[in-house]
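**Q** Sending over entry-v6.txt (compact mmCIF, C-alpha atoms).
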```txt
# COMPACT_ATOMS: atom_id res chain seq x y z
CA MET A 1 0.00 0.00 0.00
CA PHE A 2 2.78 2.45 0.87
CA GLU A 3 4.19 2.20 -2.69
CA ARG A 4 1.80 5.06 -3.55
CA PHE A 5 4.07 7.41 -1.61
CA LYS A 6 7.32 6.56 -3.41
CA LYS A 7 8.72 8.78 -6.18
CA LYS A 8 7.10 8.04 -9.51
CA LYS A 9 6.55 8.95 -13.13
CA ILE A 10 3.24 9.22 -14.93
CA PRO A 11 2.41 5.61 -15.81
CA THR A 12 2.65 4.43 -19.41
CA GLU A 13 0.89 1.12 -18.76
CA ASN A 14 -2.47 0.22 -17.17
CA PHE A 15 -3.93 3.70 -17.47
CA ILE A 16 -6.96 5.32 -19.04
CA GLU A 17 -6.30 8.55 -20.88
CA LEU A 18 -9.02 11.14 -21.44
CA ASP A 19 -8.69 14.05 -23.88
CA MET A 20 -11.07 16.73 -22.67
CA ASP A 21 -12.50 19.46 -24.91
CA GLU A 22 -14.46 20.80 -21.93
CA SER A 23 -14.51 20.20 -18.20
CA VAL A 24 -16.85 17.40 -17.07
CA ASP A 25 -18.22 16.95 -13.55
CA CYS A 26 -17.93 13.75 -11.50
CA LEU A 27 -14.94 12.16 -13.18
CA CYS A 28 -13.62 9.31 -11.00
CA ASP A 29 -16.58 9.94 -8.66
CA PHE A 30 -17.23 6.70 -6.74
CA THR A 31 -20.74 7.94 -5.84
CA TYR A 32 -21.69 8.90 -9.42
CA ASN A 33 -22.98 12.24 -8.17
CA PHE A 34 -24.72 10.58 -5.20
CA TYR A 35 -26.59 8.11 -7.40
CA TRP A 36 -28.85 7.02 -4.54
CA ASN A 37 -30.43 10.50 -4.51
CA HIS A 38 -31.16 10.92 -8.22
CA ASN A 39 -31.49 7.25 -9.38
CA GLY A 40 -29.88 7.93 -12.74
CA GLU A 41 -31.66 11.19 -13.59
CA LYS A 42 -28.43 13.19 -13.37
CA LEU A 43 -25.89 10.52 -14.29
CA GLU A 44 -26.00 6.88 -15.31
CA LEU A 45 -22.99 4.69 -14.54
CA SER A 46 -22.81 3.62 -18.19
CA ASP A 47 -22.95 7.18 -19.59
CA LYS A 48 -20.01 7.94 -21.85
CA ILE A 49 -17.72 10.80 -20.92
CA PRO A 50 -18.18 13.51 -23.57
CA GLY A 51 -15.62 13.19 -26.35
CA ASN A 52 -14.34 9.83 -25.07
CA SER A 53 -15.17 6.14 -25.41
CA TYR A 54 -15.01 5.44 -21.65
CA SER A 55 -17.96 5.53 -19.27
CA PHE A 56 -17.98 7.02 -15.77
CA GLN A 57 -18.11 3.48 -14.40
CA ASP A 58 -15.07 2.49 -16.48
CA LEU A 59 -12.98 5.07 -14.60
CA VAL A 60 -14.10 3.93 -11.14
CA GLU A 61 -13.64 0.22 -11.84
CA HIS A 62 -10.26 0.86 -13.43
CA LEU A 63 -9.07 2.75 -10.35
CA LYS A 64 -10.39 0.03 -8.03
CA ASN A 65 -8.36 -2.50 -10.03
CA GLY A 66 -5.17 -0.50 -9.44
CA GLY A 67 -5.08 1.33 -12.76
CA SER A 68 -4.47 5.06 -13.17
CA VAL A 69 -6.41 7.78 -14.98
CA ARG A 70 -4.83 10.66 -16.89
CA ILE A 71 -7.04 13.64 -17.75
CA ASN A 72 -5.65 15.85 -20.51
CA GLY A 73 -7.50 19.10 -19.94
CA ASP A 74 -9.66 20.51 -17.16
CA ALA A 75 -11.76 18.47 -14.73
CA GLY A 76 -15.12 19.64 -13.41
CA HIS A 77 -16.68 19.56 -9.95
CA ARG A 78 -16.51 16.59 -7.55
CA LEU A 79 -13.46 14.94 -9.08
CA CYS A 80 -12.64 11.76 -7.11
CA SER A 81 -15.59 12.01 -4.75
CA SER A 82 -15.40 9.17 -2.16
CA MET A 83 -12.43 7.70 -4.01
CA GLY A 84 -10.94 4.74 -2.20
CA VAL A 85 -14.23 3.50 -0.69
CA ASP A 86 -15.87 0.21 -1.71
CA LEU A 87 -19.37 1.64 -1.31
CA LYS A 88 -22.10 -0.64 0.06
CA TYR A 89 -24.75 0.92 -2.18
CA PHE A 90 -23.04 -0.63 -5.18
CA GLY A 91 -22.60 -4.01 -3.49
CA GLY A 92 -19.24 -3.33 -1.83
CA SER A 93 -17.93 -3.86 1.69
CA GLY A 94 -18.23 -0.24 2.77
CA LYS A 95 -14.55 -0.29 3.73
CA ALA A 96 -11.50 1.48 2.35
CA CYS A 97 -9.96 0.00 -0.79
CA ASP A 98 -6.67 0.59 -2.57
CA VAL A 99 -6.90 2.52 -5.82
CA GLY A 100 -4.72 3.81 -8.62
CA ASP A 101 -3.69 7.43 -9.17
CA VAL A 102 -5.44 10.31 -10.94
CA PHE A 103 -3.43 12.84 -12.97
CA VAL A 104 -4.94 16.11 -14.24
CA ASN A 105 -3.03 18.07 -16.87
CA GLY A 106 -5.20 21.13 -16.35
CA ASP A 107 -7.38 22.86 -13.75
CA VAL A 108 -9.91 21.30 -11.36
CA ALA A 109 -13.23 22.83 -10.32
CA SER A 110 -14.52 22.84 -6.73
CA ARG A 111 -15.19 19.96 -4.34
CA MET A 112 -12.34 17.75 -5.49
CA GLY A 113 -11.96 14.77 -3.18
CA ILE A 114 -15.07 15.14 -1.00
CA SER A 115 -15.29 12.24 1.46
CA MET A 116 -12.18 10.75 -0.16
CA ARG A 117 -10.58 7.87 1.73
CA ARG A 118 -7.57 6.66 -0.31
CA GLY A 119 -5.58 7.49 -3.41
CA ASN A 120 -3.38 10.17 -4.90
CA ILE A 121 -4.50 13.11 -7.03
CA TYR A 122 -1.87 14.98 -9.07
CA VAL A 123 -2.87 18.35 -10.54
CA LYS A 124 -0.80 20.47 -12.93
CA GLY A 125 -3.12 23.48 -12.93
CA LYS A 126 -5.27 25.33 -10.39
CA VAL A 127 -7.69 23.77 -7.90
CA THR A 128 -10.80 25.76 -6.99
CA ALA A 129 -11.97 25.82 -3.36
CA PRO A 130 -13.75 24.43 -1.53
CA ILE A 131 -11.79 21.22 -1.79
CA GLY A 132 -12.71 18.00 -0.02
CA ASN A 133 -11.11 15.84 2.66
CA LEU A 134 -7.63 16.53 1.31
CA LEU A 135 -4.11 17.54 2.28
CA GLU A 136 -1.49 18.86 -0.07
CA ILE A 137 1.83 17.08 0.42
CA LYS A 138 5.24 17.45 -1.20
CA SER A 139 4.90 16.06 -4.68
CA ASP A 140 7.01 13.22 -6.01
CA LEU A 141 6.19 14.28 -9.59
CA LYS A 142 7.74 17.45 -11.03
CA GLY A 143 5.27 20.08 -12.19
CA TYR A 144 2.32 18.64 -10.26
CA LYS A 145 0.70 19.38 -6.92
CA LYS A 146 -0.11 16.22 -4.97
CA PHE A 147 -3.15 15.66 -2.76
CA ILE A 148 -4.09 12.76 -0.48
CA SER A 149 -7.00 12.11 1.86
CA ILE A 150 -6.72 13.54 5.38
CA THR A 151 -8.17 10.28 6.67
CA GLU A 152 -5.67 8.18 4.76
CA PHE A 153 -2.78 10.31 6.02
CA LEU A 154 -3.81 9.79 9.64
CA MET A 155 -4.85 6.14 9.42
CA ASP A 156 -2.53 4.66 6.79
CA GLY A 157 0.16 7.10 5.77
CA PRO A 158 3.87 6.74 6.55
CA SER A 159 5.44 9.38 8.78
CA LYS A 160 7.91 10.63 6.15
CA ILE A 161 5.28 12.49 4.14
CA LYS A 162 6.07 16.23 4.00
CA LEU A 163 2.98 18.37 4.54
CA ILE A 164 2.31 21.74 2.86
CA ASP A 165 1.03 24.41 5.32
CA SER A 166 0.00 21.77 7.86
CA ASN A 167 1.72 20.13 10.81
CA LEU A 168 1.51 16.75 12.53
CA SER A 169 2.55 16.67 16.20
CA GLY A 170 2.00 13.31 17.83
CA LYS A 171 -1.62 12.47 17.18
CA ILE A 172 -2.65 16.04 16.33
CA LEU A 173 -2.87 17.29 12.74
CA GLU A 174 -3.12 21.07 12.45
CA ILE A 175 -4.18 22.59 9.11
CA ASN A 176 -3.13 26.20 8.59
CA ASP A 177 -3.44 26.88 4.85
CA GLY A 178 -6.75 28.78 5.08
CA ILE A 179 -8.29 26.77 2.23
CA ILE A 180 -12.01 26.08 2.68
CA ARG A 181 -12.75 22.35 2.85
CA ASP A 182 -15.76 20.03 2.81
CA THR A 183 -16.07 16.66 4.60
CA ILE A 184 -12.99 17.08 6.81
CA GLY A 185 -12.30 13.86 8.71
CA ALA A 186 -14.72 11.82 6.60
CA ARG A 187 -14.81 8.18 7.75
CA LEU A 188 -12.11 8.77 10.38
CA ASP A 189 -11.82 5.77 12.72
CA LEU A 190 -8.80 6.57 14.91
CA ASP A 191 -8.22 8.30 18.26
CA THR A 192 -6.53 11.36 16.80
CA GLU A 193 -7.35 15.07 16.43
CA ILE A 194 -7.68 17.35 13.43
CA ILE A 195 -7.46 21.10 14.10
CA VAL A 196 -8.52 23.47 11.31
CA ASN A 197 -7.63 27.12 11.80
CA SER A 198 -10.14 28.54 9.31
CA ASP A 199 -13.77 28.26 8.27
CA VAL A 200 -15.00 25.02 6.70
CA ASP A 201 -17.92 24.19 4.45
CA LEU A 202 -20.08 21.08 3.98
CA SER A 203 -20.41 17.90 6.04
CA THR A 204 -17.56 18.20 8.52
CA GLY A 205 -16.89 14.80 10.11
CA ILE A 206 -19.34 12.88 7.94
CA LEU A 207 -19.39 9.16 8.78
CA MET A 208 -16.71 9.52 11.48
CA LYS A 209 -16.42 6.73 14.07
CA LYS A 210 -13.52 7.91 16.26
CA GLY A 211 -11.37 10.98 16.74
CA ILE A 212 -11.82 14.72 17.17
CA VAL A 213 -12.28 17.42 14.54
CA ARG A 214 -11.85 20.91 15.96
CA VAL A 215 -12.70 23.87 13.70
CA ASN A 216 -11.56 27.31 14.82
CA GLY A 217 -14.06 29.07 12.60
CA ASN A 218 -17.55 28.65 11.16
CA ALA A 219 -18.97 25.58 9.40
CA GLY A 220 -21.39 25.04 6.52
CA ASN A 221 -24.43 22.81 6.11
CA ASN A 222 -24.63 19.19 7.30
CA THR A 223 -21.96 19.41 9.99
CA ALA A 224 -21.69 16.01 11.73
CA ALA A 225 -23.95 14.39 9.13
CA LEU A 226 -24.18 10.62 9.66
CA LEU A 227 -21.76 10.92 12.57
CA ASN A 228 -21.18 7.47 14.07
CA GLY A 229 -18.76 8.32 16.88
CA GLY A 230 -16.04 10.76 17.87
CA THR A 231 -16.34 14.45 18.64
CA ILE A 232 -16.73 17.51 16.42
CA ILE A 233 -16.12 20.95 17.89
CA ILE A 234 -17.04 24.11 15.97
CA ASN A 235 -15.72 27.30 17.56
CA GLY A 236 -18.19 29.43 15.64
CA ASN A 237 -21.57 29.00 13.96
CA CYS A 238 -22.98 26.29 11.68
CA ASP A 239 -25.36 26.55 8.76
CA ASP A 240 -28.45 24.33 8.65
CA PHE A 241 -29.01 20.57 9.02
CA SER A 242 -26.26 19.96 11.57
CA SER A 243 -26.20 16.34 12.83
CA VAL A 244 -28.61 15.13 10.16
CA GLU A 245 -28.98 11.33 10.57
CA MET A 246 -26.47 11.36 13.44
CA LYS A 247 -26.07 7.93 15.11
CA LYS A 248 -23.40 8.34 17.80
CA GLY A 249 -20.82 10.83 18.99
CA ILE A 250 -20.78 14.44 20.13
CA LEU A 251 -21.18 17.77 18.35
CA VAL A 252 -20.22 20.94 20.25
CA VAL A 253 -21.07 24.26 18.59
CA ASN A 254 -19.68 27.30 20.37
CA GLY A 255 -22.36 29.44 18.73
CA ASP A 256 -25.50 28.86 16.64
CA ALA A 257 -25.93 25.27 15.35
CA GLY A 258 -28.49 26.43 12.76
CA LYS A 259 -31.97 25.38 11.68
CA PHE A 260 -33.31 21.84 11.22
CA LEU A 261 -30.88 20.66 13.89
CA GLY A 262 -30.76 16.89 14.39
CA ALA A 263 -33.06 15.95 11.50
CA LYS A 264 -33.54 12.13 11.38
CA LYS A 265 -31.11 11.81 14.29
CA THR A 266 -31.15 8.43 16.11
CA GLY A 267 -28.37 8.88 18.70
CA GLY A 268 -25.49 11.02 19.92
CA THR A 269 -25.54 14.38 21.69
CA ILE A 270 -25.43 17.98 20.52
CA PHE A 271 -24.31 20.89 22.70
CA ALA A 272 -24.78 24.40 21.33
CA LYS A 273 -25.36 27.93 22.58
CA LYS A 274 -28.23 28.25 20.12
CA GLY A 275 -30.07 26.04 17.64
CA SER A 276 -33.46 25.24 16.14
CA PRO A 277 -34.03 21.48 16.46
CA ILE A 278 -36.48 19.44 14.43
CA HIS A 279 -38.23 16.19 15.43
CA PRO A 280 -37.06 13.79 16.79
CA THR A 281 -34.43 16.07 18.33
CA SER A 282 -35.45 18.44 21.13
CA GLU A 283 -33.83 20.81 23.59
CA LYS A 284 -33.13 19.45 27.10
CA LYS A 285 -31.46 20.65 30.27
CA LEU A 286 -27.84 19.82 30.97
CA ASP A 287 -27.24 17.22 33.67
CA ASN A 288 -24.07 16.99 35.78
CA GLU A 289 -22.46 14.56 33.36
CA ASP A 290 -23.05 16.99 30.49
CA LYS A 291 -21.55 19.85 32.47
CA ASN A 292 -18.48 17.80 33.38
CA LEU A 293 -17.99 16.81 29.73
CA LEU A 294 -18.17 20.40 28.53
CA THR A 295 -15.78 21.49 31.28
CA MET A 296 -13.35 18.77 30.19
CA LEU A 297 -13.60 20.16 26.65
CA LYS A 298 -12.78 23.61 28.13
CA PHE A 299 -16.18 25.21 27.64
CA ASN A 300 -18.29 27.15 30.15
CA SER A 301 -21.32 24.87 30.40
CA SER A 302 -23.64 27.62 31.70
CA ASN A 303 -23.87 29.05 28.17
CA PHE A 304 -24.90 25.83 26.46
CA PHE A 305 -28.06 23.91 25.70
CA LYS A 306 -28.34 20.20 25.01
CA PHE A 307 -30.15 18.72 22.02
CA GLU A 308 -30.85 15.01 21.75
```
Since I need it in another form, could you write the structure as structure tokens?
**A**
Amino acid sequence: MFERFKKKKIPTENFIELDMDESVDCLCDFTYNFYWNHNGEKLELSDKIPGNSYSFQDLVEHLKNGGSVRINGDAGHRLCSSMGVDLKYFGGSGKACDVGDVFVNGDVASRMGISMRRGNIYVKGKVTAPIGNLLEIKSDLKGYKKFISITEFLMDGPSKIKLIDSNLSGKILEINDGIIRDTIGARLDLDTEIIVNSDVDLSTGILMKKGIVRVNGNAGNNTAALLNGGTIIINGNCDDFSSVEMKKGILVVNGDAGKFLGAKKTGGTIFAKKGSPIHPTSEKKLDNEDKNLLTMLKFNSSNFFKFE
């Protein structure tokens, strides 16, 4: 697995090459633009990529089989979404899987690598924010920026990786580049901490099982969506639908947690100074255990409400 981090050249064997006349969304997107939401109305797995003989499914299956993809031109939104996950919806295990590399000889639009779990993305041009669950690391390929999953770096990555504008100290990863990100800590299952010293956007901590994500700024919609353990701390405000479909874990919002708080929530606890919950979530008084937990997390419990 760690061979992905050794110095390399663009592969000349076992790769798919795309020549792009225009940017296309959802290339190498393991969710096919969240297929379970649109049921093929937006994108069919067998649809051909404009100007090419390959389908969207061809790219995903090729990557899952260890092959690489080279995109000659610009890539659209959601490049490599959930890459490195054998998704249950499509009959997979739901676990991380090894994948090949993606090379882009052009620019990439926003939301590259949302909820990404494994793999390398090399980009020659510009990447538009927000990006996904990604870190930039020192590239082993001249002329390209290199990105890997934050979750992969913490759970699988060797210690010799050189970070760009981030720092790992013990079990604490601190991100200082100011780039807006979605899905930070997606699928994290390790007792570690991610500190982000900037605002974030969508779905912070989605599908986490263990660990801490601490955001020293504001967060977008769907913070702690599908949270299944661990702790998310937002030292600011959240947009709407925080903790949607939350199962386990803790969300602490040192401000306003937004509207439609806890929609379809089945477990876990939310602490916030303000929020507008929706059934089945409701506001409750703090008990002594809640107060002790907030004190341990270095918050003044008298300013908080509990939602569960």
**Q** From the options A:Met155, A:Ile250, A:Ile150, A:Leu173, which residue's atoms come nearest to Ile131 of chain A, counting all atoms listed in the file?
**A** A:Ile150
**Q** Given the choices A:Ser110, A:Asn300, A:Thr266, A:Asn120, which gets closest to Val252 of chain A if the distance is worked out from all atoms listed in the file?
**A** A:Asn300
**Q** Using all atoms listed in the file, pick whichever of A:Val253, A:Ile164, A:Leu226, A:Ile16 has the shortest atom-to-atom distance to Gly178 of chain A.
**A**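 Once distances to Gly178 of chain A are computed over all atoms listed in the file, the minimum belongs to A:Ile164.
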**Q** Expressed in Å to a single decimal, how great is the separation between atom CA of Asp101 of chain A and atom CA of Asn52 of chain A?
**A**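 Separating atom CA of Asp101 of chain A from atom CA of Asn52 of chain A is a distance of 19.3 Å.
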**Q** Compare A:Leu294, A:Cys97, A:Cys238, A:Leu87 by their minimum atom-to-atom distance to Thr269 of chain A, counting only C-alpha atoms, and give me the closest one.
**A**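 Ranked by minimum distance to Thr269 of chain A, first place goes to A:Leu294.
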**Q** In Å, with one decimal, what is the gap from atom CA of Asp19 of chain A to atom CA of Leu79 of chain A?
**A**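 These atoms are spaced 15.6 Å apart.
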**Q** Padding 3 Å on every side, please: axis-aligned box over the listed atoms of segment 269-284 of chain A, centre and edge lengths to one decimal in Å, as AutoDock Vina command-line options.
**A**
```
--center_x -31.3 --center_y 21.0 --center_z 20.8 --size_x 19.9 --size_y 20.5 --size_z 18.7
```
**Q** For atom CA of Lys298 of chain A and atom CA of Gly268 of chain A, determine how far apart the two atoms are, in Å to one decimal place.
**A** 19.7 Å
**Q** From the options A:Asp156, A:Glu22, A:Glu41, A:Glu61, which residue's atoms come nearest to Gly73 of chain A, counting only C-alpha atoms?
**A** A:Glu22
**Q** Considering all atoms listed in the file, state which residue in the set A:Tyr54, A:Phe15, A:Phe271, A:Phe30 is at the smallest distance from Ser301 of chain A.
**A**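 Residue with the minimum atom-to-atom distance to Ser301 of chain A: A:Phe271.
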**Q** Set the distance at 12 Å and use only C-alpha atoms: which residues neighbour Asn228 of chain A once local chain neighbours fewer than 6 positions away are removed? I'd like the list as a count of residues only.
**A** 25
**Q** Compile the contact shell of Gly67 of chain A as a compact mmCIF listing (two decimals) with C-alpha atoms, keeping the file's coordinate frame: residues with an atom at most 12 Å away, counting only C-alpha atoms, same-chain residues fewer than 6 positions apart removed.
**A**
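result_21.txt written:
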```txt
# COMPACT_ATOMS: atom_id res chain seq x y z
CA ILE A 10 3.24 9.22 -14.93
CA PRO A 11 2.41 5.61 -15.81
CA THR A 12 2.65 4.43 -19.41
CA GLU A 13 0.89 1.12 -18.76
CA ASN A 14 -2.47 0.22 -17.17
CA PHE A 15 -3.93 3.70 -17.47
CA ILE A 16 -6.96 5.32 -19.04
CA GLU A 17 -6.30 8.55 -20.88
CA CYS A 28 -13.62 9.31 -11.00
CA ASP A 58 -15.07 2.49 -16.48
CA LEU A 59 -12.98 5.07 -14.60
CA VAL A 60 -14.10 3.93 -11.14
CA GLU A 61 -13.64 0.22 -11.84
CA ASP A 98 -6.67 0.59 -2.57
CA VAL A 99 -6.90 2.52 -5.82
CA GLY A 100 -4.72 3.81 -8.62
CA ASP A 101 -3.69 7.43 -9.17
CA VAL A 102 -5.44 10.31 -10.94
CA PHE A 103 -3.43 12.84 -12.97
CA GLY A 119 -5.58 7.49 -3.41
CA ASN A 120 -3.38 10.17 -4.90
```
**Q** When you look at Asn218 of chain A with a cut-off of 6 Å (counting all atoms listed in the file), what residues show up, excluding the ones that are within fewer than 2 positions of it in the same chain? I need them as a PDB file with C-alpha atoms, in the coordinates of the input.
**A**
```
ATOM      1  CA  ASP A 199     -13.770  28.260   8.270  1.00  0.00           C
ATOM      2  CA  GLY A 236     -18.190  29.430  15.640  1.00  0.00           C
ATOM      3  CA  ASN A 237     -21.570  29.000  13.960  1.00  0.00           C
ATOM      4  CA  CYS A 238     -22.980  26.290  11.680  1.00  0.00           C
TER       5      CYS A 238
END
```
**Q** Would you kindly return, as a list in words, each protein, DNA or RNA residue with an atom no farther than 12 Å from any atom of Lys162 of chain A, considering all atoms listed in the file and excluding same-chain residues fewer than 3 positions away?
**A** Phe5, Leu135, Glu136, Ile137, Lys138, Ser139, Asp140, Lys146, Phe147, Ile148, Phe153, Gly157, Pro158, Ser159, Asp165, Ser166, Asn167 and Leu168 of chain A
**Q** Could you name the residues that touch Thr204 of chain A at 12 Å or less, counting only C-alpha atoms, but leaving out those on the same chain fewer than 4 positions away, as number ranges by chain?
**A** A: 114-115, 132-133, 180-188, 194-196, 199-200, 208, 212-215, 218-227, 231-234, 238-239, 241-244, 251
